[in-house]
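Worksheet: the structure to be examined is printed underneath.
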Amino acid sequence: MDTRIARVGAAAGWLSLAMIFAYHIGLTILAGQRVSGTTDVAAIEAYYRNGIIAPASILTFLAVLPLSVFALALREALGGSTRTRFVATLALILVVVEMPGILAQGALEATLVTIASRGGDIVPLFRFWDVLYNSALYVLEAGWVAAFGIAMSGNIAFPRWLPRFSVAVAAVQLVNMAAIWVGIPDQATLVGNMGFGIWIGAASFGLTRLATASVRRMVAQPV
């Protein structure tokens, strides 16, 4: 694999991880526990009257860029055989499908802030956001994490435990997908989301090792 691609992909993965955690942890600190799985107008409006939520959405827009680079670099790193190329390409397709949903959820949250501050029926739009972000996108996320994990099997650059961990993270994300339908508290979805963050970090570490190994091979080659 081209050293530069692995290095750029690793950097994009670490940057994606930092942006994702900055968004979620920062919002929790500044705006409080988000609302999900409810149609309580008072609770929804109380949360979205916090003006910090709208500009924070910009971070989700920007995160799409490094996340796309990270996913493409993983596809290049893992597509060495017919089998791994198929599942790694499937993972990349699922990432591409998820990106518009991430952009849409950020735009929806900013819009919810406007409705909460200026008046209007906030419940239908909130419910659309909730179903999109806290249910539908989890399915895509579970799919591409599992597919990349399968493609990592036998690749010595990535941690040996990561393929199995990928399947576990995907399974928990599917549980998160059902949270708003079966009444699982939103705080409980933190387990899956933390696992997702660990997965991105481990995959980025694998790309970093791949870049380092490629550099060492280049240095060892006779001129």
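Chain labels A, B, ... are given in the sequence in which chains occur in the structure tokens; within each chain residues are numbered consecutively from 1, and ligands are likewise numbered from 1 in the order shown.
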
Using only C-alpha atoms, which residues sit within 12 Å of Ala22 of chain A once same-chain residues fewer than 2 positions away are excluded, as a JSON list (two decimals) with C-alpha atoms, in the first residue's frame?
```
[["chain", "number", "residue", "atom", "x", "y", "z"],
["A", 15, "LEU", "CA", -9.14, 13.64, 13.35],
["A", 16, "SER", "CA", -12.58, 12.07, 12.82],
["A", 17, "LEU", "CA", -12.42, 10.54, 16.28],
["A", 18, "ALA", "CA", -11.47, 13.87, 17.86],
["A", 19, "MET", "CA", -14.28, 15.70, 16.06],
["A", 20, "ILE", "CA", -16.91, 13.09, 16.94],
["A", 24, "HIS", "CA", -20.89, 14.77, 21.61],
["A", 25, "ILE", "CA", -18.98, 15.48, 24.81],
["A", 26, "GLY", "CA", -18.94, 19.23, 24.17],
["A", 27, "LEU", "CA", -22.70, 19.35, 23.59],
["A", 28, "THR", "CA", -23.39, 17.29, 26.69],
["A", 29, "ILE", "CA", -21.29, 19.66, 28.79],
["A", 30, "LEU", "CA", -22.73, 22.86, 27.28],
["A", 56, "ALA", "CA", -22.12, 22.92, 16.93],
["A", 57, "SER", "CA", -23.77, 21.31, 13.91],
["A", 58, "ILE", "CA", -21.00, 22.79, 11.76],
["A", 59, "LEU", "CA", -18.63, 20.29, 13.36],
["A", 60, "THR", "CA", -20.72, 17.39, 12.05],
["A", 63, "ALA", "CA", -16.41, 15.64, 10.16],
["A", 197, "GLY", "CA", -14.94, 5.39, 19.07]]
```

Could you list, as a list of chain:residue names, every residue within 7 Å of Ala142 of chain A, counting only C-alpha atoms and ignoring same-chain residues fewer than 4 positions away?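 Once the adjacent positions are removed, what remains is A:Tyr138, A:Ala146, A:Ala170, A:Ala171, A:Gln173, A:Leu174.
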
DSSP on the backbone: what in segment 7-184 of chain A comes out helix (DSSP H, G or I), as an MDAnalysis selection string? chainID A and resid 7:31 41:48 53:78 82:118 123:152 162:177 179:182

Return the single residue from A:Ala211, A:Phe126, A:Phe86, A:Leu137 that is closest to Gly101 of chain A, with distances computed using only C-alpha atoms.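 Using only C-alpha atoms, the shortest distance to Gly101 of chain A belongs to A:Leu137.
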